[in-house]
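Coordinates from model.pdb are shown below (PDB, C-alpha atoms and all ligand atoms).
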```
ATOM      1  CA  MET A   1      11.215 -14.589  11.805
ATOM      2  CA  GLY A   2      12.927 -13.626   8.537
ATOM      3  CA  ALA A   3      15.770 -11.972  10.415
ATOM      4  CA  GLU A   4      16.226 -15.048  12.619
ATOM      5  CA  LYS A   5      16.349 -17.311   9.588
ATOM      6  CA  GLY A   6      18.947 -14.977   8.075
ATOM      7  CA  LEU A   7      21.053 -15.294  11.228
ATOM      8  CA  ASP A   8      20.779 -19.109  11.222
ATOM      9  CA  LEU A   9      21.868 -19.232   7.614
ATOM     10  CA  ARG A  10      24.774 -16.908   8.312
ATOM     11  CA  GLU A  11      25.859 -19.043  11.258
ATOM     12  CA  GLU A  12      25.661 -22.109   9.043
ATOM     13  CA  SER A  13      27.704 -20.546   6.252
ATOM     14  CA  ARG A  14      30.295 -19.306   8.797
ATOM     15  CA  ARG A  15      30.768 -22.859  10.011
ATOM     16  CA  LYS A  16      31.089 -24.265   6.519
ATOM     17  CA  SER A  17      33.402 -21.474   5.444
ATOM     18  CA  ALA A  18      36.236 -22.284   7.897
ATOM     19  CA  GLY A  19      39.513 -22.024   6.010
ATOM     20  CA  ILE A  20      38.192 -19.836   3.190
ATOM     21  CA  VAL A  21      40.217 -16.653   2.924
ATOM     22  CA  ILE A  22      39.417 -13.903   0.447
ATOM     23  CA  PRO A  23      42.481 -11.681  -0.081
ATOM     24  CA  ILE A  24      41.928  -8.094  -1.238
ATOM     25  CA  ASP A  25      45.048  -6.125  -2.127
ATOM     26  CA  GLY A  26      45.609  -2.628  -3.449
ATOM     27  CA  PRO A  27      47.292   0.721  -2.768
ATOM     28  CA  ALA A  28      46.133   3.296  -0.199
ATOM     29  CA  GLY A  29      42.869   4.913  -1.252
ATOM     30  CA  SER A  30      41.851   2.138  -3.664
ATOM     31  CA  GLY A  31      38.789   1.417  -1.525
ATOM     32  CA  LYS A  32      39.961  -2.028  -0.440
ATOM     33  CA  SER A  33      39.142  -1.661   3.277
ATOM     34  CA  THR A  34      35.599  -0.463   2.634
ATOM     35  CA  ALA A  35      35.067  -3.277   0.134
ATOM     36  CA  ALA A  36      36.626  -5.864   2.470
ATOM     37  CA  LYS A  37      34.405  -4.854   5.395
ATOM     38  CA  GLY A  38      31.351  -4.946   3.124
ATOM     39  CA  VAL A  39      32.187  -8.451   1.897
ATOM     40  CA  ALA A  40      32.912  -9.688   5.445
ATOM     41  CA  GLU A  41      29.596  -8.332   6.680
ATOM     42  CA  ARG A  42      27.559  -9.811   3.834
ATOM     43  CA  LEU A  43      29.145 -13.236   4.313
ATOM     44  CA  GLY A  44      29.400 -13.216   8.123
ATOM     45  CA  PHE A  45      33.176 -13.668   7.810
ATOM     46  CA  ASP A  46      35.920 -12.336  10.052
ATOM     47  CA  TYR A  47      37.782  -9.286   8.811
ATOM     48  CA  LEU A  48      41.451  -8.444   9.206
ATOM     49  CA  GLU A  49      42.942  -5.158   8.069
ATOM     50  CA  SER A  50      46.545  -6.227   7.648
ATOM     51  CA  GLY A  51      47.697  -2.616   7.174
ATOM     52  CA  ALA A  52      46.610  -2.064  10.790
ATOM     53  CA  LEU A  53      49.098  -4.739  11.900
ATOM     54  CA  TYR A  54      51.947  -2.745  10.358
ATOM     55  CA  ARG A  55      50.477   0.440  11.789
ATOM     56  CA  ALA A  56      50.299  -1.214  15.229
ATOM     57  CA  VAL A  57      53.994  -2.142  14.991
ATOM     58  CA  GLY A  58      54.810   1.459  13.960
ATOM     59  CA  TYR A  59      52.720   2.733  16.874
ATOM     60  CA  GLN A  60      54.586   0.571  19.368
ATOM     61  CA  VAL A  61      58.009   1.528  18.020
ATOM     62  CA  LEU A  62      57.053   5.190  18.343
ATOM     63  CA  ASN A  63      55.290   5.089  21.704
ATOM     64  CA  LYS A  64      56.328   2.058  23.726
ATOM     65  CA  ASN A  65      59.304   0.110  22.553
ATOM     66  CA  ARG A  66      62.196   2.562  22.630
ATOM     67  CA  GLU A  67      65.162   0.306  23.502
ATOM     68  CA  GLY A  68      67.693  -0.522  20.760
ATOM     69  CA  ASP A  69      67.948   0.382  17.083
ATOM     70  CA  PHE A  70      64.926   1.004  14.880
ATOM     71  CA  GLU A  71      64.964  -2.364  13.116
ATOM     72  CA  SER A  72      65.260  -4.547  16.224
ATOM     73  CA  ARG A  73      62.578  -2.511  18.020
ATOM     74  CA  ALA A  74      60.252  -3.058  15.063
ATOM     75  CA  VAL A  75      60.958  -6.813  14.863
ATOM     76  CA  ASP A  76      60.470  -7.192  18.656
ATOM     77  CA  SER A  77      57.155  -5.368  18.480
ATOM     78  CA  ALA A  78      55.944  -7.509  15.577
ATOM     79  CA  ARG A  79      56.878 -10.750  17.372
ATOM     80  CA  GLY A  80      55.000  -9.822  20.552
ATOM     81  CA  LEU A  81      51.993  -8.222  18.853
ATOM     82  CA  ARG A  82      48.626  -8.752  20.562
ATOM     83  CA  PHE A  83      46.182  -7.366  18.054
ATOM     84  CA  GLU A  84      42.568  -7.891  17.041
ATOM     85  CA  CYS A  85      40.041  -6.457  14.518
ATOM     86  CA  ARG A  86      36.752  -6.507  16.426
ATOM     87  CA  LYS A  87      33.250  -5.506  15.362
ATOM     88  CA  GLU A  88      31.547  -3.256  17.921
ATOM     89  CA  GLY A  89      28.087  -2.077  16.938
ATOM     90  CA  ASN A  90      28.467  -0.899  13.358
ATOM     91  CA  ALA A  91      32.177  -0.163  13.516
ATOM     92  CA  TRP A  92      35.308  -2.294  13.262
ATOM     93  CA  LYS A  93      37.804  -1.505  16.009
ATOM     94  CA  ASN A  94      41.547  -2.088  16.049
ATOM     95  CA  VAL A  95      42.472  -3.371  19.492
ATOM     96  CA  LEU A  96      46.117  -3.462  20.580
ATOM     97  CA  ASP A  97      46.958  -4.963  23.976
ATOM     98  CA  GLY A  98      43.291  -4.598  24.905
ATOM     99  CA  GLU A  99      43.271  -0.874  24.051
ATOM    100  CA  ASP A 100      41.151   0.650  21.259
ATOM    101  CA  VAL A 101      43.732   2.289  18.973
ATOM    102  CA  THR A 102      41.524   2.690  15.877
ATOM    103  CA  ASP A 103      41.879   6.487  15.664
ATOM    104  CA  ALA A 104      45.488   6.624  16.831
ATOM    105  CA  LEU A 105      46.534   4.256  14.025
ATOM    106  CA  ARG A 106      45.106   6.569  11.316
ATOM    107  CA  ASP A 107      47.522   9.390  12.219
ATOM    108  CA  GLU A 108      49.736  10.410   9.269
ATOM    109  CA  VAL A 109      52.892   9.949  11.398
ATOM    110  CA  ILE A 110      51.832   6.349  11.979
ATOM    111  CA  SER A 111      51.111   5.901   8.239
ATOM    112  CA  ASP A 112      54.717   6.766   7.511
ATOM    113  CA  MET A 113      56.046   4.575  10.346
ATOM    114  CA  ALA A 114      53.924   1.662   9.070
ATOM    115  CA  SER A 115      55.374   1.982   5.592
ATOM    116  CA  ARG A 116      58.917   2.045   7.059
ATOM    117  CA  VAL A 117      58.493  -0.975   9.355
ATOM    118  CA  SER A 118      56.734  -2.927   6.597
ATOM    119  CA  ALA A 119      59.924  -2.852   4.507
ATOM    120  CA  ILE A 120      61.811  -4.827   7.229
ATOM    121  CA  PRO A 121      61.882  -8.581   6.373
ATOM    122  CA  GLY A 122      61.911  -9.636  10.089
ATOM    123  CA  VAL A 123      58.701  -7.689  10.675
ATOM    124  CA  ARG A 124      57.010  -9.301   7.665
ATOM    125  CA  ALA A 125      58.097 -12.785   8.768
ATOM    126  CA  ALA A 126      56.724 -12.255  12.286
ATOM    127  CA  LEU A 127      53.350 -11.108  10.946
ATOM    128  CA  LEU A 128      52.996 -13.925   8.421
ATOM    129  CA  ASP A 129      51.824 -16.637  10.856
ATOM    130  CA  PHE A 130      49.560 -14.191  12.613
ATOM    131  CA  GLN A 131      47.744 -13.522   9.334
ATOM    132  CA  ARG A 132      47.661 -17.185   8.281
ATOM    133  CA  ASN A 133      46.034 -18.173  11.581
ATOM    134  CA  TYR A 134      43.213 -15.715  11.134
ATOM    135  CA  GLY A 135      41.225 -17.760   8.610
ATOM    136  CA  ARG A 136      41.362 -21.063  10.510
ATOM    137  CA  LYS A 137      38.132 -20.982  12.535
ATOM    138  CA  ARG A 138      35.796 -19.445  10.001
ATOM    139  CA  GLY A 139      35.970 -17.615   6.688
ATOM    140  CA  ALA A 140      37.978 -14.395   6.627
ATOM    141  CA  VAL A 141      38.408 -11.402   4.370
ATOM    142  CA  ILE A 142      41.888  -9.910   4.662
ATOM    143  CA  ASP A 143      42.989  -6.715   2.959
ATOM    144  CA  GLY A 144      46.520  -5.490   2.394
ATOM    145  CA  ARG A 145      49.362  -5.328  -0.085
ATOM    146  CA  ASP A 146      50.690  -8.901  -0.301
ATOM    147  CA  ILE A 147      47.772 -11.031   0.884
ATOM    148  CA  GLY A 148      47.174 -12.606  -2.531
ATOM    149  CA  THR A 149      50.838 -12.804  -3.534
ATOM    150  CA  VAL A 150      52.597 -13.931  -0.330
ATOM    151  CA  VAL A 151      50.272 -14.615   2.601
ATOM    152  CA  PHE A 152      47.558 -16.652   0.816
ATOM    153  CA  PRO A 153      48.884 -17.335  -2.706
ATOM    154  CA  GLU A 154      46.786 -20.524  -2.889
ATOM    155  CA  ALA A 155      43.423 -18.747  -2.334
ATOM    156  CA  ARG A 156      40.920 -19.800  -5.016
ATOM    157  CA  LEU A 157      39.694 -16.245  -5.480
ATOM    158  CA  LYS A 158      41.581 -13.020  -4.830
ATOM    159  CA  PHE A 159      41.022  -9.379  -5.693
ATOM    160  CA  PHE A 160      43.228  -6.415  -6.558
ATOM    161  CA  LEU A 161      41.627  -2.970  -6.311
ATOM    162  CA  ASP A 162      43.221   0.092  -7.872
ATOM    163  CA  ALA A 163      42.350   3.696  -8.759
ATOM    164  CA  ASP A 164      44.078   6.732 -10.313
ATOM    165  CA  ILE A 165      46.460   8.428  -7.900
ATOM    166  CA  GLU A 166      44.540  11.730  -8.036
ATOM    167  CA  VAL A 167      41.295   9.924  -7.103
ATOM    168  CA  ARG A 168      43.067   8.159  -4.253
ATOM    169  CA  ILE A 169      44.483  11.451  -2.954
ATOM    170  CA  GLN A 170      41.030  13.096  -3.052
ATOM    171  CA  ARG A 171      39.577  10.123  -1.129
ATOM    172  CA  ARG A 172      42.224  10.522   1.567
ATOM    173  CA  PHE A 173      41.426  14.282   1.849
ATOM    174  CA  ALA A 174      37.695  13.488   2.168
ATOM    175  CA  GLU A 175      38.345  10.796   4.783
ATOM    176  CA  LEU A 176      40.423  13.139   6.975
ATOM    177  CA  GLU A 177      37.932  15.989   6.532
ATOM    178  CA  ALA A 178      35.058  13.730   7.560
ATOM    179  CA  ARG A 179      36.943  12.773  10.711
ATOM    180  CA  GLY A 180      37.829  16.406  11.462
ATOM    181  CA  VAL A 181      41.572  15.693  11.304
ATOM    182  CA  PRO A 182      43.595  18.750  10.205
ATOM    183  CA  PHE A 183      45.980  18.164   7.279
ATOM    184  CA  HIS A 184      48.171  19.994   4.800
ATOM    185  CA  PRO A 185      47.074  18.997   1.244
ATOM    186  CA  ASP A 186      50.534  19.353  -0.336
ATOM    187  CA  HIS A 187      52.224  17.336   2.413
ATOM    188  CA  LEU A 188      49.558  14.659   2.219
ATOM    189  CA  ARG A 189      49.871  14.415  -1.572
ATOM    190  CA  GLU A 190      53.683  14.027  -1.334
ATOM    191  CA  ASP A 191      53.314  11.567   1.522
ATOM    192  CA  LEU A 192      50.931   9.310  -0.367
ATOM    193  CA  LYS A 193      53.181   9.336  -3.453
ATOM    194  CA  ARG A 194      56.249   8.523  -1.343
ATOM    195  CA  ARG A 195      54.465   5.632   0.398
ATOM    196  CA  ASP A 196      53.187   4.328  -2.925
ATOM    197  CA  GLU A 197      56.720   4.272  -4.322
ATOM    198  CA  ARG A 198      58.123   2.587  -1.228
ATOM    199  CA  ASP A 199      55.347  -0.051  -1.097
ATOM    200  CA  ARG A 200      55.655  -0.905  -4.804
ATOM    201  CA  HIS A 201      59.435  -1.008  -5.037
ATOM    202  CA  ARG A 202      60.628  -2.479  -1.736
ATOM    203  CA  ALA A 203      62.614  -5.721  -1.959
ATOM    204  CA  SER A 204      60.424  -7.644   0.497
ATOM    205  CA  ALA A 205      56.849  -8.484  -0.685
ATOM    206  CA  PRO A 206      56.248  -5.353  -2.790
ATOM    207  CA  LEU A 207      52.713  -4.271  -3.646
ATOM    208  CA  ARG A 208      51.703  -5.980  -6.888
ATOM    209  CA  LYS A 209      48.717  -7.729  -8.370
ATOM    210  CA  ALA A 210      48.854 -11.528  -8.176
ATOM    211  CA  GLU A 211      48.644 -12.967 -11.690
ATOM    212  CA  ASP A 212      45.395 -14.749 -10.898
ATOM    213  CA  ALA A 213      43.780 -11.834  -9.011
ATOM    214  CA  GLU A 214      40.558 -10.245 -10.252
ATOM    215  CA  GLU A 215      41.420  -6.589 -10.848
ATOM    216  CA  ILE A 216      38.780  -3.944 -10.192
ATOM    217  CA  GLN A 217      39.344  -0.300 -11.153
ATOM    218  CA  THR A 218      37.472   1.799  -8.615
ATOM    219  CA  SER A 219      38.192   5.322  -9.971
ATOM    220  CA  GLU A 220      34.792   5.678 -11.560
ATOM    221  CA  ILE A 221      32.539   3.294  -9.687
ATOM    222  CA  GLY A 222      31.010   3.627  -6.248
ATOM    223  CA  VAL A 223      31.367   1.438  -3.178
ATOM    224  CA  ASP A 224      28.069  -0.416  -3.747
ATOM    225  CA  GLN A 225      28.980  -1.312  -7.293
ATOM    226  CA  VAL A 226      32.421  -2.573  -6.263
ATOM    227  CA  LEU A 227      30.764  -4.745  -3.626
ATOM    228  CA  GLU A 228      28.270  -6.202  -6.106
ATOM    229  CA  VAL A 229      31.031  -7.075  -8.596
ATOM    230  CA  MET A 230      32.950  -8.842  -5.847
ATOM    231  CA  LEU A 231      29.965 -10.746  -4.456
ATOM    232  CA  GLU A 232      29.105 -11.940  -7.956
ATOM    233  CA  LYS A 233      32.591 -13.446  -8.371
ATOM    234  CA  ILE A 234      32.449 -14.933  -4.864
ATOM    235  CA  ARG A 235      29.128 -16.624  -5.626
ATOM    236  CA  LEU A 236      30.627 -18.139  -8.779
ATOM    237  CA  VAL A 237      33.597 -19.613  -6.938
ATOM    238  CA  TYR A 238      32.159 -20.398  -3.494
ATOM    239  CA  GLY A 239      28.426 -20.621  -4.197
ATOM    240  CA  GLU A 240      28.231 -24.051  -2.577
ATOM    241  CA  VAL A 241      29.305 -22.744   0.845
ATOM    242  CA  ILE A 242      27.961 -19.221   0.729
ATOM    243  CA  GLU A 243      24.259 -19.594   0.100
ATOM    244  CA  ASP A 244      22.949 -16.370   1.543
ATOM    245  CA  ALA A 245      25.381 -13.760   0.152
TER     246      ALA A 245
HETATM  247  O1  LIG B 301      46.774  -0.061   4.056
HETATM  248  P1  LIG B 301      47.498   0.842   5.024
HETATM  249  O2  LIG B 301      47.709   2.228   4.470
HETATM  250  O3  LIG B 301      46.865   0.886   6.378
HETATM  251  O4  LIG B 301      48.944   0.168   5.232
HETATM  252  C1  LIG B 301      49.923   0.762   6.048
HETATM  253  C2  LIG B 301      51.304   0.372   5.549
HETATM  254  O5  LIG B 301      51.524  -1.024   5.780
HETATM  255  C3  LIG B 301      51.500   0.611   4.055
HETATM  256  O6  LIG B 301      52.479   1.615   3.844
HETATM  257  C4  LIG B 301      52.012  -0.690   3.506
HETATM  258  C5  LIG B 301      52.078  -1.632   4.639
HETATM  259  N1  LIG B 301      51.389  -2.885   4.380
HETATM  260  C6  LIG B 301      52.121  -3.945   3.888
HETATM  261  O7  LIG B 301      53.299  -3.785   3.628
HETATM  262  N2  LIG B 301      51.557  -5.149   3.686
HETATM  263  C7  LIG B 301      50.266  -5.340   3.941
HETATM  264  N3  LIG B 301      49.718  -6.537   3.734
HETATM  265  C8  LIG B 301      49.477  -4.254   4.427
HETATM  266  C9  LIG B 301      50.064  -3.034   4.621
END
```
Translate the structure described by the file into structure tokens.
Amino acid sequence: MGAEKGLDLREESRRKSAGIVIPIDGPAGSGKSTAAKGVAERLGFDYLESGALYRAVGYQVLNKNREGDFESRAVDSARGLRFECRKEGNAWKNVLDGEDVTDALRDEVISDMASRVSAIPGVRAALLDFQRNYGRKRGAVIDGRDIGTVVFPEARLKFFLDADIEVRIQRRFAELEARGVPFHPDHLREDLKRRDERDRHRASAPLRKAEDAEEIQTSEIGVDQVLEVMLEKIRLVYGEVIEDA
């Protein structure tokens, strides 16, 4: 009975939450994806990992779209992208052209490609509408680099997660180890630093905290605590539509 009531309430808050988007930005390893999924699950919102969109474009440039120069291949791929973040059982899957590419998109080669294609203004423009459409039907949590600054600057509540670079590097090592993916620590460290630099200093929509974003330092606090801090702020701002969070 209790569980059914919980479901009804969630369905009700989903309906009322149409149009609410909660942006969560931050660098790689800041814990933003884990936090974003946690928030989406607690609220019954949709979730979009915008980094996966850039990864999907990188994946297509590398594997499918090989005609023309790098930039036009990337822009073409972004314009025709058919991508979805879908919950299956307990896991969120990245689905590209109907194919589950969740694991393939985590490859370090794709990480680098994603960072390169994300610096191309035509790619960013093509992905803007895609992201803006996501929150139309029901509430959505979207994580990325420019969600609060460029994609949804008018959101009433936005978050920016950050952590010391050494902590972020250790998290990336642990993540790859847990998935059994072989890696070279020195290469990975250099790679993360290079991507950080590129993401923060590119001309088009660089990674930065929106002035009105709530900043959370995650170096010394765990996932559960981050989630509680976020839900508390969400209740303060959206309490009237999110009764069961
Ligand atoms: O979060 P991530 O590591 O999966 O992101 C992959 C790349 O995509 C990253 O180098 C920066 C870029 N990105 C972006 O430019 N804007 C976003 N909103 C999300 C990711």
Counting all atoms listed in the file, give me one row per residue of chain A with an atom at most 6 Å from an atom of ligand LIG 301 (chain B), showing the shortest contact pair and its distance in Å to one decimal, sorted by chain then residue number, as CSV.
```
residue,atom,partner,partner_atom,distance
A:Ala28,CA,B:LIG301,O2,5.0
A:Ser50,CA,B:LIG301,C8,4.8
A:Gly51,CA,B:LIG301,C9,3.5
A:Ala52,CA,B:LIG301,O3,5.3
A:Tyr54,CA,B:LIG301,O5,4.9
A:Arg55,CA,B:LIG301,C1,5.8
A:Ser111,CA,B:LIG301,C1,5.7
A:Ala114,CA,B:LIG301,C2,4.6
A:Ser115,CA,B:LIG301,O6,3.4
A:Ser118,CA,B:LIG301,O7,4.6
A:Gly144,CA,B:LIG301,N3,3.6
A:Arg145,CA,B:LIG301,N3,4.0
A:Asp146,CA,B:LIG301,N3,4.8
A:Ile147,CA,B:LIG301,N3,5.7
A:Arg195,CA,B:LIG301,O6,5.7
A:Asp199,CA,B:LIG301,C4,5.7
```
Let's have the selection written as a PDB file, in the coordinates of the input, with C-alpha atoms.
```pdb
ATOM      1  CA  ALA A  28      46.133   3.296  -0.199  1.00  0.00           C
ATOM      2  CA  SER A  50      46.545  -6.227   7.648  1.00  0.00           C
ATOM      3  CA  GLY A  51      47.697  -2.616   7.174  1.00  0.00           C
ATOM      4  CA  ALA A  52      46.610  -2.064  10.790  1.00  0.00           C
ATOM      5  CA  TYR A  54      51.947  -2.745  10.358  1.00  0.00           C
ATOM      6  CA  ARG A  55      50.477   0.440  11.789  1.00  0.00           C
ATOM      7  CA  SER A 111      51.111   5.901   8.239  1.00  0.00           C
ATOM      8  CA  ALA A 114      53.924   1.662   9.070  1.00  0.00           C
ATOM      9  CA  SER A 115      55.374   1.982   5.592  1.00  0.00           C
ATOM     10  CA  SER A 118      56.734  -2.927   6.597  1.00  0.00           C
ATOM     11  CA  GLY A 144      46.520  -5.490   2.394  1.00  0.00           C
ATOM     12  CA  ARG A 145      49.362  -5.328  -0.085  1.00  0.00           C
ATOM     13  CA  ASP A 146      50.690  -8.901  -0.301  1.00  0.00           C
ATOM     14  CA  ILE A 147      47.772 -11.031   0.884  1.00  0.00           C
ATOM     15  CA  ARG A 195      54.465   5.632   0.398  1.00  0.00           C
ATOM     16  CA  ASP A 199      55.347  -0.051  -1.097  1.00  0.00           C
TER      17      ASP A 199
END
```
Got a sec to resolve the PyMOL selection byres (((chain A and resi 151) around 9) and not hetatm) on this structure and send the residues as a count of residues only?
13
Range 196-202 of chain A: axis-aligned bounding box, 8 Å on each side, centre and edge lengths in Å, one decimal, as AutoDock Vina command-line options:
```
--center_x 56.9 --center_y 0.9 --center_z -3.1 --size_x 23.4 --size_y 22.8 --size_z 19.9
```
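The environment of Arg79 in chain A within 12 Å, counting all atoms listed in the file and disregarding residues fewer than 3 places along the same chain, consists of A:Leu53, A:Tyr54, A:Ala56, A:Val57, A:Gln60, A:Ser72, A:Arg73, A:Ala74, A:Val75, A:Asp76, A:Arg82, A:Phe83, A:Gly122, A:Val123, A:Arg124, A:Ala125, A:Ala126, A:Leu127, A:Leu128, A:Asp129, A:Phe130.
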Find the distance between CA of Arg189 in chain A and CA of Arg168 in chain A and write it in Å to one decimal.
9.6 Å
Considering only C-alpha atoms, can you say which of A:Arg235, A:Ala178, A:Arg172, A:Gly44 comes closest to Asp191 in chain A?
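For Asp191 in chain A, the nearest of the given residues is A:Arg172.
You will find CA of Arg171 in chain A at 8.7 Å from CA of Ser30 in chain A.
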Name every residue that the PyMOL selection byres (((chain A and resi 31) around 8) and not hetatm) selects in this structure, writing the answer as an NGL selection string with chains first and numbers rising.
:A and (28-30 or 32-35 or 161-162 or 218 or 223)
Spell out the residues picked by the PyMOL selection byres (((chain A and resi 19) around 12) and not hetatm) here, as a compact mmCIF listing (two decimals) with C-alpha atoms, in the frame of the given file.
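Contents of the output file selection01.txt:
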```txt
# COMPACT_ATOMS: atom_id res chain seq x y z
CA SER A 13 27.70 -20.55 6.25
CA ARG A 14 30.30 -19.31 8.80
CA ARG A 15 30.77 -22.86 10.01
CA LYS A 16 31.09 -24.26 6.52
CA SER A 17 33.40 -21.47 5.44
CA ALA A 18 36.24 -22.28 7.90
CA ILE A 20 38.19 -19.84 3.19
CA VAL A 21 40.22 -16.65 2.92
CA ILE A 22 39.42 -13.90 0.45
CA PHE A 45 33.18 -13.67 7.81
CA ASP A 46 35.92 -12.34 10.05
CA ARG A 132 47.66 -17.18 8.28
CA ASN A 133 46.03 -18.17 11.58
CA TYR A 134 43.21 -15.72 11.13
CA GLY A 135 41.22 -17.76 8.61
CA ARG A 136 41.36 -21.06 10.51
CA LYS A 137 38.13 -20.98 12.54
CA ARG A 138 35.80 -19.44 10.00
CA GLY A 139 35.97 -17.61 6.69
CA ALA A 140 37.98 -14.40 6.63
CA VAL A 141 38.41 -11.40 4.37
CA PHE A 152 47.56 -16.65 0.82
CA GLU A 154 46.79 -20.52 -2.89
CA ALA A 155 43.42 -18.75 -2.33
CA ARG A 156 40.92 -19.80 -5.02
CA VAL A 241 29.30 -22.74 0.84
```
Which one is closest to Ala213 in chain A: A:Leu157, A:Ala40, A:Val117, A:Cys85? Count all atoms listed in the file.
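So, comparing all the options, the nearest one is A:Leu157.
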What separation in Å, quoted to one decimal, exists between CA of Pro206 in chain A and CA of Ile110 in chain A?
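Answer for the CA of Pro206 in chain A to CA of Ile110 in chain A separation: 19.4 Å.
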Find, counting only C-alpha atoms, the residue in A:Glu41, A:Gly239, A:Met113, A:Ala36 that gets nearest to Asn63 in chain A.
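Among the listed residues, A:Met113 lies closest to Asn63 in chain A.
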Env of Met230 in chain A: 9 Å cut, atoms = all atoms listed in the file, seq-sep filter 5 positions within chain, self excluded. Answer as a PyMOL selection string.
chain A and resi 35+39+159+214+216+225+235
For the residues selected in the previous step, produce a file with C-alpha atoms as a PDB file, keeping the file's coordinate frame.
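Output saved as result-v7.pdb:
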```pdb
ATOM      1  CA  ALA A  35      35.067  -3.277   0.134  1.00  0.00           C
ATOM      2  CA  VAL A  39      32.187  -8.451   1.897  1.00  0.00           C
ATOM      3  CA  PHE A 159      41.022  -9.379  -5.693  1.00  0.00           C
ATOM      4  CA  GLU A 214      40.558 -10.245 -10.252  1.00  0.00           C
ATOM      5  CA  ILE A 216      38.780  -3.944 -10.192  1.00  0.00           C
ATOM      6  CA  GLN A 225      28.980  -1.312  -7.293  1.00  0.00           C
ATOM      7  CA  ARG A 235      29.128 -16.624  -5.626  1.00  0.00           C
TER       8      ARG A 235
END
```
Near range 181-187 of chain A, counting all atoms listed in the file, which residues have an atom at most 10 Å away, once you skip same-chain residues fewer than 3 positions from it, shown as a PDB file with C-alpha atoms, keeping the file's coordinate frame?
```pdb
ATOM      1  CA  ARG A 106      45.106   6.569  11.316  1.00  0.00           C
ATOM      2  CA  ASP A 107      47.522   9.390  12.219  1.00  0.00           C
ATOM      3  CA  GLU A 108      49.736  10.410   9.269  1.00  0.00           C
ATOM      4  CA  ILE A 169      44.483  11.451  -2.954  1.00  0.00           C
ATOM      5  CA  GLN A 170      41.030  13.096  -3.052  1.00  0.00           C
ATOM      6  CA  ARG A 172      42.224  10.522   1.567  1.00  0.00           C
ATOM      7  CA  PHE A 173      41.426  14.282   1.849  1.00  0.00           C
ATOM      8  CA  GLU A 175      38.345  10.796   4.783  1.00  0.00           C
ATOM      9  CA  LEU A 176      40.423  13.139   6.975  1.00  0.00           C
ATOM     10  CA  GLU A 177      37.932  15.989   6.532  1.00  0.00           C
ATOM     11  CA  ALA A 178      35.058  13.730   7.560  1.00  0.00           C
ATOM     12  CA  GLU A 190      53.683  14.027  -1.334  1.00  0.00           C
ATOM     13  CA  ASP A 191      53.314  11.567   1.522  1.00  0.00           C
ATOM     14  CA  LEU A 192      50.931   9.310  -0.367  1.00  0.00           C
ATOM     15  CA  LYS A 193      53.181   9.336  -3.453  1.00  0.00           C
TER      16      LYS A 193
END
```
Minimum-distance residue to Ile242 in chain A, chosen among A:Glu215, A:Ala104, A:Leu43, A:Trp92 (using only C-alpha atoms):
A:Leu43
